[in-house]
file data_10.cif (mmCIF, N, CA and C atoms)
data_model
loop_
_atom_site.label_atom_id
_atom_site.label_comp_id
_atom_site.auth_asym_id
_atom_site.auth_seq_id
_atom_site.Cartn_x
_atom_site.Cartn_y
_atom_site.Cartn_z
N MET L 1 7.55 -11.59 -6.00
CA MET L 1 6.70 -10.42 -5.95
C MET L 1 6.45 -9.90 -7.36
N SER L 2 5.22 -9.58 -7.66
CA SER L 2 4.86 -9.08 -8.98
C SER L 2 5.25 -7.62 -9.14
N LYS L 3 5.57 -7.26 -10.36
CA LYS L 3 5.92 -5.88 -10.68
C LYS L 3 4.64 -5.06 -10.83
N THR L 4 4.68 -3.82 -10.37
CA THR L 4 3.54 -2.91 -10.51
C THR L 4 3.75 -2.04 -11.74
N TYR L 5 2.67 -1.80 -12.47
CA TYR L 5 2.70 -1.01 -13.69
C TYR L 5 1.83 0.23 -13.54
N PHE L 6 2.27 1.33 -14.16
CA PHE L 6 1.51 2.57 -14.23
C PHE L 6 0.85 2.62 -15.59
N TRP L 7 -0.44 2.93 -15.62
CA TRP L 7 -1.16 2.99 -16.89
C TRP L 7 -1.83 4.34 -17.05
N VAL L 8 -2.02 4.73 -18.30
CA VAL L 8 -2.76 5.93 -18.68
C VAL L 8 -3.64 5.54 -19.86
N ALA L 9 -4.91 5.96 -19.83
CA ALA L 9 -5.83 5.66 -20.92
C ALA L 9 -6.68 6.89 -21.23
N THR L 10 -6.93 7.11 -22.51
CA THR L 10 -7.84 8.16 -22.96
C THR L 10 -8.87 7.53 -23.89
N LEU L 11 -10.15 7.82 -23.62
CA LEU L 11 -11.25 7.30 -24.42
C LEU L 11 -12.08 8.45 -24.97
N HIS L 12 -12.54 8.30 -26.19
CA HIS L 12 -13.49 9.23 -26.80
C HIS L 12 -14.83 8.50 -26.89
N THR L 13 -15.88 9.16 -26.43
CA THR L 13 -17.21 8.56 -26.40
C THR L 13 -18.23 9.55 -26.94
N ASN L 14 -19.17 9.07 -27.73
CA ASN L 14 -20.30 9.89 -28.15
C ASN L 14 -21.41 9.71 -27.15
N THR L 15 -21.91 10.81 -26.61
CA THR L 15 -23.00 10.78 -25.65
C THR L 15 -24.18 11.55 -26.22
N PRO L 16 -25.35 11.45 -25.61
CA PRO L 16 -26.50 12.24 -26.08
C PRO L 16 -26.23 13.75 -26.03
N HIS L 17 -25.24 14.17 -25.23
CA HIS L 17 -24.91 15.59 -25.10
C HIS L 17 -23.74 15.99 -25.98
N GLY L 18 -23.23 15.07 -26.78
CA GLY L 18 -22.10 15.36 -27.65
C GLY L 18 -20.89 14.51 -27.30
N PRO L 19 -19.79 14.77 -28.00
CA PRO L 19 -18.58 13.98 -27.75
C PRO L 19 -18.02 14.23 -26.35
N ARG L 20 -17.38 13.20 -25.82
CA ARG L 20 -16.77 13.29 -24.49
C ARG L 20 -15.41 12.63 -24.54
N VAL L 21 -14.40 13.29 -23.96
CA VAL L 21 -13.06 12.74 -23.84
C VAL L 21 -12.80 12.47 -22.36
N THR L 22 -12.38 11.27 -22.05
CA THR L 22 -12.11 10.88 -20.67
C THR L 22 -10.71 10.30 -20.59
N SER L 23 -9.90 10.83 -19.68
CA SER L 23 -8.57 10.28 -19.40
C SER L 23 -8.53 9.83 -17.95
N ASP L 24 -7.77 8.79 -17.70
CA ASP L 24 -7.63 8.27 -16.35
C ASP L 24 -6.25 7.64 -16.24
N LYS L 25 -5.82 7.40 -15.00
CA LYS L 25 -4.51 6.79 -14.77
C LYS L 25 -4.56 6.00 -13.48
N GLY L 26 -3.60 5.11 -13.31
CA GLY L 26 -3.56 4.34 -12.08
C GLY L 26 -2.44 3.32 -12.09
N LEU L 27 -2.46 2.47 -11.09
CA LEU L 27 -1.47 1.40 -10.94
C LEU L 27 -2.17 0.05 -11.01
N VAL L 28 -1.50 -0.92 -11.57
CA VAL L 28 -2.04 -2.28 -11.62
C VAL L 28 -0.88 -3.25 -11.42
N THR L 29 -1.15 -4.32 -10.69
CA THR L 29 -0.14 -5.34 -10.44
C THR L 29 -0.67 -6.68 -10.94
N PRO L 30 -0.08 -7.25 -11.99
CA PRO L 30 -0.52 -8.56 -12.46
C PRO L 30 -0.44 -9.57 -11.32
N GLY L 31 -1.43 -10.44 -11.27
CA GLY L 31 -1.49 -11.43 -10.20
C GLY L 31 -2.39 -10.97 -9.06
N LEU L 32 -2.57 -9.64 -8.94
CA LEU L 32 -3.49 -9.10 -7.93
C LEU L 32 -4.80 -8.67 -8.57
N THR L 33 -4.88 -8.76 -9.91
CA THR L 33 -6.10 -8.46 -10.65
C THR L 33 -6.49 -9.71 -11.43
N THR L 34 -7.56 -9.61 -12.19
CA THR L 34 -7.99 -10.77 -12.97
C THR L 34 -7.13 -10.97 -14.21
N GLY L 35 -6.35 -9.97 -14.61
CA GLY L 35 -5.55 -10.08 -15.83
C GLY L 35 -4.11 -10.47 -15.54
N GLN L 36 -3.55 -11.25 -16.40
CA GLN L 36 -2.15 -11.64 -16.27
C GLN L 36 -1.33 -11.16 -17.46
N THR L 37 -1.86 -11.25 -18.66
CA THR L 37 -1.14 -10.82 -19.84
C THR L 37 -1.40 -9.34 -20.07
N ARG L 38 -0.61 -8.74 -20.95
CA ARG L 38 -0.82 -7.33 -21.29
C ARG L 38 -2.23 -7.12 -21.85
N ALA L 39 -2.69 -8.02 -22.70
CA ALA L 39 -4.03 -7.92 -23.28
C ALA L 39 -5.11 -8.01 -22.21
N GLU L 40 -4.94 -8.91 -21.25
CA GLU L 40 -5.91 -9.04 -20.17
C GLU L 40 -5.89 -7.82 -19.26
N LEU L 41 -4.71 -7.26 -19.00
CA LEU L 41 -4.62 -6.05 -18.20
C LEU L 41 -5.30 -4.88 -18.90
N TYR L 42 -5.12 -4.78 -20.21
CA TYR L 42 -5.77 -3.75 -21.03
C TYR L 42 -7.28 -3.82 -20.85
N THR L 43 -7.84 -5.00 -20.99
CA THR L 43 -9.29 -5.19 -20.84
C THR L 43 -9.74 -4.88 -19.42
N THR L 44 -9.01 -5.34 -18.44
CA THR L 44 -9.35 -5.09 -17.03
C THR L 44 -9.36 -3.60 -16.74
N VAL L 45 -8.31 -2.90 -17.16
CA VAL L 45 -8.20 -1.46 -16.90
C VAL L 45 -9.29 -0.69 -17.63
N LEU L 46 -9.51 -0.98 -18.91
CA LEU L 46 -10.53 -0.24 -19.66
C LEU L 46 -11.93 -0.46 -19.10
N ASN L 47 -12.22 -1.68 -18.69
CA ASN L 47 -13.53 -1.93 -18.06
C ASN L 47 -13.66 -1.13 -16.77
N ALA L 48 -12.60 -1.05 -15.98
CA ALA L 48 -12.64 -0.27 -14.74
C ALA L 48 -12.81 1.21 -15.02
N VAL L 49 -12.12 1.73 -16.04
CA VAL L 49 -12.26 3.15 -16.40
C VAL L 49 -13.70 3.45 -16.84
N CYS L 50 -14.25 2.59 -17.67
CA CYS L 50 -15.62 2.79 -18.13
C CYS L 50 -16.61 2.74 -16.96
N GLU L 51 -16.43 1.80 -16.07
CA GLU L 51 -17.31 1.70 -14.91
C GLU L 51 -17.18 2.94 -14.02
N ARG L 52 -15.96 3.37 -13.78
CA ARG L 52 -15.70 4.53 -12.91
C ARG L 52 -16.32 5.81 -13.47
N HIS L 53 -16.33 5.94 -14.80
CA HIS L 53 -16.80 7.18 -15.43
C HIS L 53 -18.18 7.05 -16.07
N GLY L 54 -18.84 5.92 -15.88
CA GLY L 54 -20.18 5.73 -16.42
C GLY L 54 -20.21 5.66 -17.94
N LEU L 55 -19.20 5.04 -18.52
CA LEU L 55 -19.11 4.92 -19.98
C LEU L 55 -19.40 3.49 -20.42
N SER L 56 -19.72 3.35 -21.69
CA SER L 56 -19.88 2.04 -22.29
C SER L 56 -18.66 1.77 -23.16
N ILE L 57 -17.99 0.65 -22.92
CA ILE L 57 -16.82 0.31 -23.73
C ILE L 57 -17.21 0.13 -25.19
N ALA L 58 -18.42 -0.34 -25.44
CA ALA L 58 -18.88 -0.55 -26.81
C ALA L 58 -19.07 0.76 -27.56
N ASP L 59 -19.31 1.85 -26.84
CA ASP L 59 -19.53 3.15 -27.46
C ASP L 59 -18.31 4.06 -27.36
N SER L 60 -17.18 3.50 -26.96
CA SER L 60 -15.97 4.29 -26.76
C SER L 60 -14.86 3.84 -27.69
N ALA L 61 -14.00 4.79 -28.04
CA ALA L 61 -12.81 4.49 -28.82
C ALA L 61 -11.59 4.86 -27.99
N VAL L 62 -10.67 3.93 -27.86
CA VAL L 62 -9.45 4.20 -27.11
C VAL L 62 -8.50 4.95 -28.04
N THR L 63 -8.12 6.16 -27.63
CA THR L 63 -7.22 6.96 -28.46
C THR L 63 -5.81 7.04 -27.88
N PHE L 64 -5.66 6.61 -26.63
CA PHE L 64 -4.32 6.53 -26.04
C PHE L 64 -4.32 5.45 -24.98
N TRP L 65 -3.24 4.65 -24.97
CA TRP L 65 -3.07 3.61 -23.97
C TRP L 65 -1.57 3.47 -23.70
N SER L 66 -1.19 3.49 -22.44
CA SER L 66 0.20 3.27 -22.06
C SER L 66 0.22 2.40 -20.81
N LEU L 67 1.11 1.42 -20.81
CA LEU L 67 1.33 0.54 -19.66
C LEU L 67 2.83 0.34 -19.53
N GLU L 68 3.40 0.90 -18.47
CA GLU L 68 4.85 0.88 -18.27
C GLU L 68 5.16 0.45 -16.84
N PRO L 69 6.30 -0.19 -16.63
CA PRO L 69 6.69 -0.53 -15.26
C PRO L 69 6.75 0.73 -14.40
N ASN L 70 6.30 0.62 -13.17
CA ASN L 70 6.29 1.76 -12.26
C ASN L 70 7.61 1.80 -11.48
N ASP L 71 8.70 1.82 -12.22
CA ASP L 71 10.04 1.83 -11.62
C ASP L 71 10.55 3.26 -11.50
N VAL L 72 11.55 3.42 -10.68
CA VAL L 72 12.22 4.73 -10.53
C VAL L 72 13.18 4.92 -11.68
#
call {"tool": "encode", "arguments": {"input": "data_10.cif", "output": "C-alpha cells"}}
result
Amino acid sequence: MSKTYFWVATLHTNTPHGPRVTSDKGLVTPGLTTGQTRAELYTTVLNAVCERHGLSIADSAVTFWSLEPNDV
C-alpha cells in the first residue's frame, strides 16, 4: 500500500487586476496519480492547483511548497 502525503502550496501570480496570492492544500498518494517521484508529485500538484484556480503555471511563482507524510 502506498503512503499518502499532505501537501501545501502557495503561488504568487500577476494578473491584469494586480498581484494575486493563492494557497491550497490536499492529499496525494504516489501510484494513484501520474507522479511517482517527489519532483513528479510537485509538478502534478502545481498543475492541479493552477487548473483549480484558473492560473497559469508559467505566470506564477511558487513561494511555499511542503510535502510530508500524512501520518499521525
call {"tool": "closest_residue", "arguments": {"input": "data_10.cif", "among": "L:Leu55, L:Leu27, L:Val49, L:Ala39", "to": "Asn14 (chain L)", "atoms": "only C-alpha atoms"}}
result
L:Leu55
call {"tool": "resolve_selection", "arguments": {"input": "data_10.cif", "expression": "the PyMOL selection byres ((chain L and resi 63) around 5)", "output": "VMD selection string"}}
result
chain L and resid 10 to 11 61 to 62 64 to 65
call {"tool": "closest_residue", "arguments": {"input": "data_10.cif", "among": "L:Ser2, L:Thr13, L:Thr22, L:Thr29", "to": "Thr44 (chain L)", "atoms": "only C-alpha atoms"}}
result
L:Thr29
call {"tool": "atom_distance", "arguments": {"input": "data_10.cif", "atom1": "atom C of Val8 (chain L)", "atom2": "CA of Leu67 (chain L)"}}
result
7.1 Å
call {"tool": "residues_around", "arguments": {"input": "data_10.cif", "residues": "Gly26 (chain L)", "least_positions_apart": "5", "cutoff": "7 Å", "atoms": "only N, CA and C atoms", "output": "compact mmCIF listing (two decimals) with N, CA and C atoms, keeping the file's coordinate frame"}}
result
# COMPACT_ATOMS: atom_id res chain seq x y z
N TYR L 5 2.67 -1.80 -12.47
CA TYR L 5 2.70 -1.01 -13.69
C TYR L 5 1.83 0.23 -13.54
N PHE L 6 2.27 1.33 -14.16
CA PHE L 6 1.51 2.57 -14.23
C PHE L 6 0.85 2.62 -15.59
N TRP L 7 -0.44 2.93 -15.62
CA TRP L 7 -1.16 2.99 -16.89
C TRP L 7 -1.83 4.34 -17.05
N VAL L 8 -2.02 4.73 -18.30
CA VAL L 8 -2.76 5.93 -18.68
C VAL L 8 -3.64 5.54 -19.86
N ALA L 9 -4.91 5.96 -19.83
CA ALA L 9 -5.83 5.66 -20.92
C ALA L 9 -6.68 6.89 -21.23
call {"tool": "atom_distance", "arguments": {"input": "data_10.cif", "atom1": "atom C of Ser23 (chain L)", "atom2": "CA of Ala58 (chain L)"}}
result
17.1 Å
call {"tool": "select_by_dssp", "arguments": {"input": "data_10.cif", "residues": "chain L", "states": "alpha helix (DSSP H)", "output": "JSON, numbers by chain"}}
result
{"L": [38, 39, 40, 41, 42, 43, 44, 45, 46, 47, 48, 49, 50, 51, 52, 53]}
call {"tool": "closest_residue", "arguments": {"input": "data_10.cif", "among": "L:Pro30, L:Val72, L:Lys3, L:Thr15", "to": "Gly54 (chain L)", "atoms": "only C-alpha atoms"}}
result
L:Thr15
call {"tool": "atom_distance", "arguments": {"input": "data_10.cif", "atom1": "CA of Gln36 (chain L)", "atom2": "CA of Val21 (chain L)"}}
result
27.8 Å
call {"tool": "select_by_dssp", "arguments": {"input": "data_10.cif", "residues": "chain L", "states": "strand (DSSP E or B)", "output": "PyMOL selection string"}}
result
chain L and resi 5-15+18-28+60-69
call {"tool": "decode", "arguments": {"input": "data_10.cif", "residues": "region 45-64 of chain L", "atoms": "N, CA and C atoms", "output": "PDB file, in the first residue's frame"}}
result
ATOM      1  N   VAL L  45       0.855  18.252  -8.583  1.00  0.00           N
ATOM      2  CA  VAL L  45       0.087  19.072  -7.644  1.00  0.00           C
ATOM      3  C   VAL L  45      -0.014  20.514  -8.129  1.00  0.00           C
ATOM      4  N   LEU L  46       1.095  21.103  -8.563  1.00  0.00           N
ATOM      5  CA  LEU L  46       1.051  22.501  -9.012  1.00  0.00           C
ATOM      6  C   LEU L  46       0.162  22.678 -10.237  1.00  0.00           C
ATOM      7  N   ASN L  47       0.210  21.736 -11.155  1.00  0.00           N
ATOM      8  CA  ASN L  47      -0.689  21.815 -12.315  1.00  0.00           C
ATOM      9  C   ASN L  47      -2.146  21.733 -11.878  1.00  0.00           C
ATOM     10  N   ALA L  48      -2.448  20.878 -10.910  1.00  0.00           N
ATOM     11  CA  ALA L  48      -3.821  20.768 -10.406  1.00  0.00           C
ATOM     12  C   ALA L  48      -4.261  22.043  -9.701  1.00  0.00           C
ATOM     13  N   VAL L  49      -3.370  22.648  -8.913  1.00  0.00           N
ATOM     14  CA  VAL L  49      -3.696  23.912  -8.225  1.00  0.00           C
ATOM     15  C   VAL L  49      -3.977  25.009  -9.253  1.00  0.00           C
ATOM     16  N   CYS L  50      -3.130  25.109 -10.256  1.00  0.00           N
ATOM     17  CA  CYS L  50      -3.330  26.131 -11.283  1.00  0.00           C
ATOM     18  C   CYS L  50      -4.640  25.915 -12.029  1.00  0.00           C
ATOM     19  N   GLU L  51      -4.935  24.688 -12.369  1.00  0.00           N
ATOM     20  CA  GLU L  51      -6.185  24.384 -13.066  1.00  0.00           C
ATOM     21  C   GLU L  51      -7.394  24.717 -12.181  1.00  0.00           C
ATOM     22  N   ARG L  52      -7.326  24.331 -10.923  1.00  0.00           N
ATOM     23  CA  ARG L  52      -8.430  24.556  -9.982  1.00  0.00           C
ATOM     24  C   ARG L  52      -8.715  26.045  -9.774  1.00  0.00           C
ATOM     25  N   HIS L  53      -7.658  26.870  -9.802  1.00  0.00           N
ATOM     26  CA  HIS L  53      -7.813  28.296  -9.506  1.00  0.00           C
ATOM     27  C   HIS L  53      -7.719  29.184 -10.748  1.00  0.00           C
ATOM     28  N   GLY L  54      -7.657  28.586 -11.921  1.00  0.00           N
ATOM     29  CA  GLY L  54      -7.610  29.357 -13.157  1.00  0.00           C
ATOM     30  C   GLY L  54      -6.327  30.145 -13.331  1.00  0.00           C
ATOM     31  N   LEU L  55      -5.215  29.563 -12.910  1.00  0.00           N
ATOM     32  CA  LEU L  55      -3.914  30.234 -13.006  1.00  0.00           C
ATOM     33  C   LEU L  55      -3.068  29.601 -14.098  1.00  0.00           C
ATOM     34  N   SER L  56      -2.065  30.334 -14.520  1.00  0.00           N
ATOM     35  CA  SER L  56      -1.077  29.811 -15.456  1.00  0.00           C
ATOM     36  C   SER L  56       0.202  29.532 -14.684  1.00  0.00           C
ATOM     37  N   ILE L  57       0.701  28.312 -14.772  1.00  0.00           N
ATOM     38  CA  ILE L  57       1.941  27.978 -14.076  1.00  0.00           C
ATOM     39  C   ILE L  57       3.101  28.818 -14.594  1.00  0.00           C
ATOM     40  N   ALA L  58       3.058  29.176 -15.869  1.00  0.00           N
ATOM     41  CA  ALA L  58       4.128  29.987 -16.462  1.00  0.00           C
ATOM     42  C   ALA L  58       4.146  31.402 -15.898  1.00  0.00           C
ATOM     43  N   ASP L  59       3.008  31.888 -15.416  1.00  0.00           N
ATOM     44  CA  ASP L  59       2.916  33.247 -14.883  1.00  0.00           C
ATOM     45  C   ASP L  59       2.900  33.268 -13.360  1.00  0.00           C
ATOM     46  N   SER L  60       3.205  32.139 -12.734  1.00  0.00           N
ATOM     47  CA  SER L  60       3.151  32.035 -11.280  1.00  0.00           C
ATOM     48  C   SER L  60       4.520  31.715 -10.709  1.00  0.00           C
ATOM     49  N   ALA L  61       4.739  32.183  -9.483  1.00  0.00           N
ATOM     50  CA  ALA L  61       5.952  31.847  -8.743  1.00  0.00           C
ATOM     51  C   ALA L  61       5.545  31.096  -7.482  1.00  0.00           C
ATOM     52  N   VAL L  62       6.146  29.955  -7.262  1.00  0.00           N
ATOM     53  CA  VAL L  62       5.857  29.179  -6.064  1.00  0.00           C
ATOM     54  C   VAL L  62       6.669  29.779  -4.923  1.00  0.00           C
ATOM     55  N   THR L  63       5.968  30.228  -3.888  1.00  0.00           N
ATOM     56  CA  THR L  63       6.659  30.832  -2.743  1.00  0.00           C
ATOM     57  C   THR L  63       6.654  29.929  -1.521  1.00  0.00           C
ATOM     58  N   PHE L  64       5.842  28.876  -1.563  1.00  0.00           N
ATOM     59  CA  PHE L  64       5.869  27.894  -0.481  1.00  0.00           C
ATOM     60  C   PHE L  64       5.427  26.553  -1.039  1.00  0.00           C
TER      61      PHE L  64
END
